[in-house]
Amino acid sequence: MLGSSRLVATVLASVLVVGPAWGQPNATPPTAAQKQSVQDLVKQAIAKSQAGDHAAAIEIYQKAYAVIPLPTLLSNIGAEYQLATKPVEALKYFCMYLEKDPAGPLATYATGQAKLLQSQLTNTTVDDAGVCKAPPKVEPKIVEPPPPPPPVTKAADPGKTLKIAGLVAAGVGVVSVGLGFYFGSQAAKISDDISNNTGMWRDDIVAYQDEGQRDEYLQIALLSVGGALVVGGALLYMKGRSKTSAESTTVQPAMMPGGGGGLSLSGSF
């Protein structure tokens with residue numbers, strides 16, 4: 001329970017950084033209608049992503065970004081493209097996030113995913129500073145295929161760390177989404193209290209209004225961060241499973257009926 005509490009605290013700290021991203025200096029702050037629209041769209045996108053409809057989730061996140069340009073939404077779009085097996089588009093949106101909010105709460109995650117995509121697309125190793133630079137052109141090389149390696153049996157699960165990290169990230173994401181809904185209900189309650197008041201105003205009405213506004217910001221930020229963590233956790237878990245399947249497959253020689261020979265493929269899938 002202590003570890004989970006620390007993770008939730010980290011998410012809440014991230015929210016405090018995300019909050020000011022609602023607008024740039026001297027820009028007109030978003031209206032209540034715009035904020036409500038973004039909240040609704042983020043909920044819809046999360047539901048589509050969890051249902052496996054990543055194309056629909058991308059379209060909804062793009063609509064939300066058009067309403068209020070939250071940099072966090074760009075990282076969410078990148079993660080959805082990654083799940084949809086579109087690495088070029090995914091890299092583009094992770095780099096857009098890093099350009100808009102290089103020190104944001106998802107900067108480490110976006111940088112790591114951009115490095116992974118760059119290495120997959122170019123088959124080269126890049127550092128943090130070069131994840132969004134155009135890769136140099138490399139002439140293809142003709143290389144003789146190496147001899148097949150001897151069968152290796154590994155007792156340890158090579159994808160265990162990634163799967164655990166994915167489950168933890170997704171769990172924190174679910175907690176964040178739950179907290180977002182909680183703060184949303186608190187903001188709605190305060191709004192109803194003020195709107196339906198027919199008697200004397202509270203002595204602390206200004207502070208009460210500020211509390212409702214803060215709860216509303218927390219709701220939107222938590223839903224955005226939580227959605228990104230759920231998507232990222234799912235991606236890590238699937239990568240861990242893929243690595244486990246690849247590492248546990250072995251090829252061994254086998255005798256065939258009639259004196260022939262062949263290969264036996266075994267593994268866990």
# chains A, B, ... in the order shown; residues from 1 in each chain; ligands from 1

call {"tool": "closest_atom_pairs", "arguments": {"of": "range 225-248 of chain A", "to": "range 104-117 of chain A", "cutoff": "9 Å", "atoms": "only C-alpha atoms", "output": "tab-separated table"}}
result
residue	atom	partner	partner_atom	distance
A:Val225	CA	A:Leu106	CA	8.1
A:Ala228	CA	A:Leu106	CA	8.6
A:Gly232	CA	A:Tyr109	CA	8.3

call {"tool": "write_last_selection", "arguments": {"atoms": "N, CA and C atoms", "output": "PDB file, in the first residue's frame"}}
result
ATOM      1  N   VAL A 225      -3.912  12.523 -17.630  1.00  0.00           N
ATOM      2  CA  VAL A 225      -2.719  11.777 -17.202  1.00  0.00           C
ATOM      3  C   VAL A 225      -3.058  10.305 -16.994  1.00  0.00           C
ATOM      4  N   ALA A 228      -3.274   8.483 -20.261  1.00  0.00           N
ATOM      5  CA  ALA A 228      -1.952   8.222 -20.828  1.00  0.00           C
ATOM      6  C   ALA A 228      -1.258   7.068 -20.117  1.00  0.00           C
ATOM      7  N   GLY A 232      -0.027   3.696 -21.788  1.00  0.00           N
ATOM      8  CA  GLY A 232       1.386   3.333 -21.684  1.00  0.00           C
ATOM      9  C   GLY A 232       1.598   2.009 -20.969  1.00  0.00           C
TER      10      GLY A 232
END

call {"tool": "closest_atom_pairs", "arguments": {"of": "range 203-253 of chain A", "to": "range 151-175 of chain A", "cutoff": "8 Å", "atoms": "only C-alpha atoms", "output": "tab-separated table"}}
result
residue	atom	partner	partner_atom	distance
A:Val225	CA	A:Gly173	CA	7.1
A:Gly226	CA	A:Gly173	CA	3.9
A:Gly227	CA	A:Gly173	CA	6.1
A:Ala228	CA	A:Gly173	CA	7.2
A:Leu229	CA	A:Gly173	CA	4.6
A:Val230	CA	A:Ala170	CA	4.1
A:Val231	CA	A:Ala170	CA	7.2
A:Gly232	CA	A:Ala169	CA	7.0
A:Gly233	CA	A:Gly166	CA	3.8
A:Ala234	CA	A:Gly166	CA	5.9
A:Leu235	CA	A:Gly166	CA	7.0
A:Leu236	CA	A:Gly166	CA	4.6
A:Tyr237	CA	A:Lys163	CA	4.2
A:Met238	CA	A:Lys163	CA	7.3
A:Lys239	CA	A:Leu162	CA	7.0
A:Gly240	CA	A:Gly159	CA	4.1
A:Arg241	CA	A:Gly159	CA	6.0
A:Ser242	CA	A:Gly159	CA	7.6
A:Lys243	CA	A:Gly159	CA	5.3
A:Thr244	CA	A:Gly159	CA	4.9
A:Glu247	CA	A:Pro158	CA	7.0
A:Ser248	CA	A:Lys154	CA	7.0
A:Thr250	CA	A:Pro151	CA	5.5
A:Val251	CA	A:Pro151	CA	5.9
A:Gln252	CA	A:Pro151	CA	6.4

call {"tool": "atom_distance", "arguments": {"atom1": "CA of Ala47 in chain A", "atom2": "CA of Ser191 in chain A"}}
result
26.3 Å

call {"tool": "atom_distance", "arguments": {"atom1": "CA of Ser37 in chain A", "atom2": "CA of Tyr208 in chain A"}}
result
23.5 Å

call {"tool": "closest_residue", "arguments": {"among": "A:Arg202, A:Lys63, A:Lys48, A:His54", "to": "Ala79 in chain A", "atoms": "only C-alpha atoms"}}
result
A:His54

call {"tool": "residues_around", "arguments": {"residues": "Val67 in chain A", "least_positions_apart": "4", "cutoff": "12 Å", "atoms": "only C-alpha atoms", "output": "list in words"}}
result
Trp22, Gly23, Pro29, Pro30, Thr31, Ala32, Ala33, Gln34, Lys35, Gln36, Ser37, Val38, Gln39, Asp40, Leu41, Val42, Ile60, Tyr61, Gln62, Lys63 and Leu73 of chain A

call {"tool": "write_last_selection", "arguments": {"atoms": "C-alpha atoms", "output": "PDB file, in the first residue's frame"}}
result
ATOM      1  CA  TRP A  22      -4.574  25.432 -19.982  1.00  0.00           C
ATOM      2  CA  GLY A  23      -3.386  28.595 -21.651  1.00  0.00           C
ATOM      3  CA  PRO A  29      -8.538  31.349 -20.760  1.00  0.00           C
ATOM      4  CA  PRO A  30     -10.895  28.565 -21.836  1.00  0.00           C
ATOM      5  CA  THR A  31     -14.571  28.908 -21.100  1.00  0.00           C
ATOM      6  CA  ALA A  32     -16.528  26.571 -18.862  1.00  0.00           C
ATOM      7  CA  ALA A  33     -18.181  25.087 -21.954  1.00  0.00           C
ATOM      8  CA  GLN A  34     -14.792  24.379 -23.535  1.00  0.00           C
ATOM      9  CA  LYS A  35     -13.514  22.694 -20.388  1.00  0.00           C
ATOM     10  CA  GLN A  36     -16.638  20.563 -20.121  1.00  0.00           C
ATOM     11  CA  SER A  37     -16.286  19.605 -23.784  1.00  0.00           C
ATOM     12  CA  VAL A  38     -12.672  18.470 -23.241  1.00  0.00           C
ATOM     13  CA  GLN A  39     -13.688  16.457 -20.185  1.00  0.00           C
ATOM     14  CA  ASP A  40     -16.365  14.641 -22.153  1.00  0.00           C
ATOM     15  CA  LEU A  41     -14.072  13.985 -25.105  1.00  0.00           C
ATOM     16  CA  VAL A  42     -11.279  12.603 -22.907  1.00  0.00           C
ATOM     17  CA  ILE A  60     -11.507  12.103 -30.300  1.00  0.00           C
ATOM     18  CA  TYR A  61      -8.224  13.229 -28.699  1.00  0.00           C
ATOM     19  CA  GLN A  62      -7.584  15.430 -31.751  1.00  0.00           C
ATOM     20  CA  LYS A  63     -11.017  17.018 -31.312  1.00  0.00           C
ATOM     21  CA  LEU A  73      -3.301  15.162 -25.362  1.00  0.00           C
TER      22      LEU A  73
END

call {"tool": "residues_around", "arguments": {"residues": "Tyr93 in chain A", "least_positions_apart": "2", "cutoff": "9 Å", "atoms": "only C-alpha atoms", "output": "list in words"}}
result
Leu74, Ser75, Asn76, Ile77, Gly78, Ala79, Tyr81, Glu89, Ala90, Leu91, Cys95, Met96, Tyr97 and Leu98 of chain A

call {"tool": "write_last_selection", "arguments": {"atoms": "N, CA and C atoms", "output": "mmCIF file, in the first residue's frame"}}
result
data_model
loop_
_atom_site.group_PDB
_atom_site.id
_atom_site.type_symbol
_atom_site.label_atom_id
_atom_site.label_comp_id
_atom_site.auth_asym_id
_atom_site.auth_seq_id
_atom_site.Cartn_x
_atom_site.Cartn_y
_atom_site.Cartn_z
ATOM 1 N N LEU A 74 -1.365 15.447 -26.836
ATOM 2 C CA LEU A 74 -0.474 15.038 -27.933
ATOM 3 C C LEU A 74 0.214 13.723 -27.601
ATOM 4 N N SER A 75 0.649 13.577 -26.336
ATOM 5 C CA SER A 75 1.276 12.317 -25.920
ATOM 6 C C SER A 75 0.273 11.174 -25.985
ATOM 7 N N ASN A 76 -0.975 11.443 -25.606
ATOM 8 C CA ASN A 76 -2.010 10.413 -25.692
ATOM 9 C C ASN A 76 -2.208 9.958 -27.136
ATOM 10 N N ILE A 77 -2.224 10.920 -28.065
ATOM 11 C CA ILE A 77 -2.389 10.579 -29.478
ATOM 12 C C ILE A 77 -1.215 9.729 -29.957
ATOM 13 N N GLY A 78 -0.001 10.096 -29.540
ATOM 14 C CA GLY A 78 1.166 9.306 -29.912
ATOM 15 C C GLY A 78 1.066 7.876 -29.416
ATOM 16 N N ALA A 79 0.608 7.701 -28.171
ATOM 17 C CA ALA A 79 0.469 6.354 -27.613
ATOM 18 C C ALA A 79 -0.584 5.549 -28.369
ATOM 19 N N TYR A 81 -1.422 5.928 -31.567
ATOM 20 C CA TYR A 81 -0.835 5.534 -32.847
ATOM 21 C C TYR A 81 0.132 4.364 -32.653
ATOM 22 N N GLU A 89 3.630 7.959 -37.322
ATOM 23 C CA GLU A 89 2.688 8.927 -36.742
ATOM 24 C C GLU A 89 2.883 9.047 -35.229
ATOM 25 N N ALA A 90 3.148 7.906 -34.572
ATOM 26 C CA ALA A 90 3.360 7.935 -33.124
ATOM 27 C C ALA A 90 4.566 8.797 -32.771
ATOM 28 N N LEU A 91 5.668 8.629 -33.490
ATOM 29 C CA LEU A 91 6.872 9.436 -33.238
ATOM 30 C C LEU A 91 6.581 10.917 -33.437
ATOM 31 N N CYS A 95 6.971 13.725 -30.412
ATOM 32 C CA CYS A 95 7.880 14.858 -30.593
ATOM 33 C C CYS A 95 7.133 16.184 -30.492
ATOM 34 N N MET A 96 5.879 16.213 -30.966
ATOM 35 C CA MET A 96 5.074 17.427 -30.803
ATOM 36 C C MET A 96 4.857 17.729 -29.326
ATOM 37 N N TYR A 97 4.608 16.680 -28.530
ATOM 38 C CA TYR A 97 4.443 16.896 -27.085
ATOM 39 C C TYR A 97 5.730 17.461 -26.481
ATOM 40 N N LEU A 98 6.898 16.864 -26.822
ATOM 41 C CA LEU A 98 8.172 17.304 -26.261
ATOM 42 C C LEU A 98 8.489 18.739 -26.684
#

call {"tool": "select_by_dssp", "arguments": {"residues": "range 137-262 of chain A", "states": "strand (DSSP E)", "output": "PyMOL selection string"}}
result
chain A and resi 250-255+261-262

call {"tool": "closest_residue", "arguments": {"among": "A:Ser224, A:Ser119, A:Gln209, A:Ser245", "to": "Leu70 in chain A", "atoms": "only C-alpha atoms"}}
result
A:Ser224

call {"tool": "select_by_dssp", "arguments": {"residues": "range 49-249 of chain A", "states": "helix (DSSP H, G or I)", "output": "PyMOL selection string"}}
result
chain A and resi 49-50+54-67+71-83+87-100+107-122+128-130+160-195+205-247

call {"tool": "atom_distance", "arguments": {"atom1": "CA of Glu144 in chain A", "atom2": "CA of Thr125 in chain A"}}
result
22.2 Å
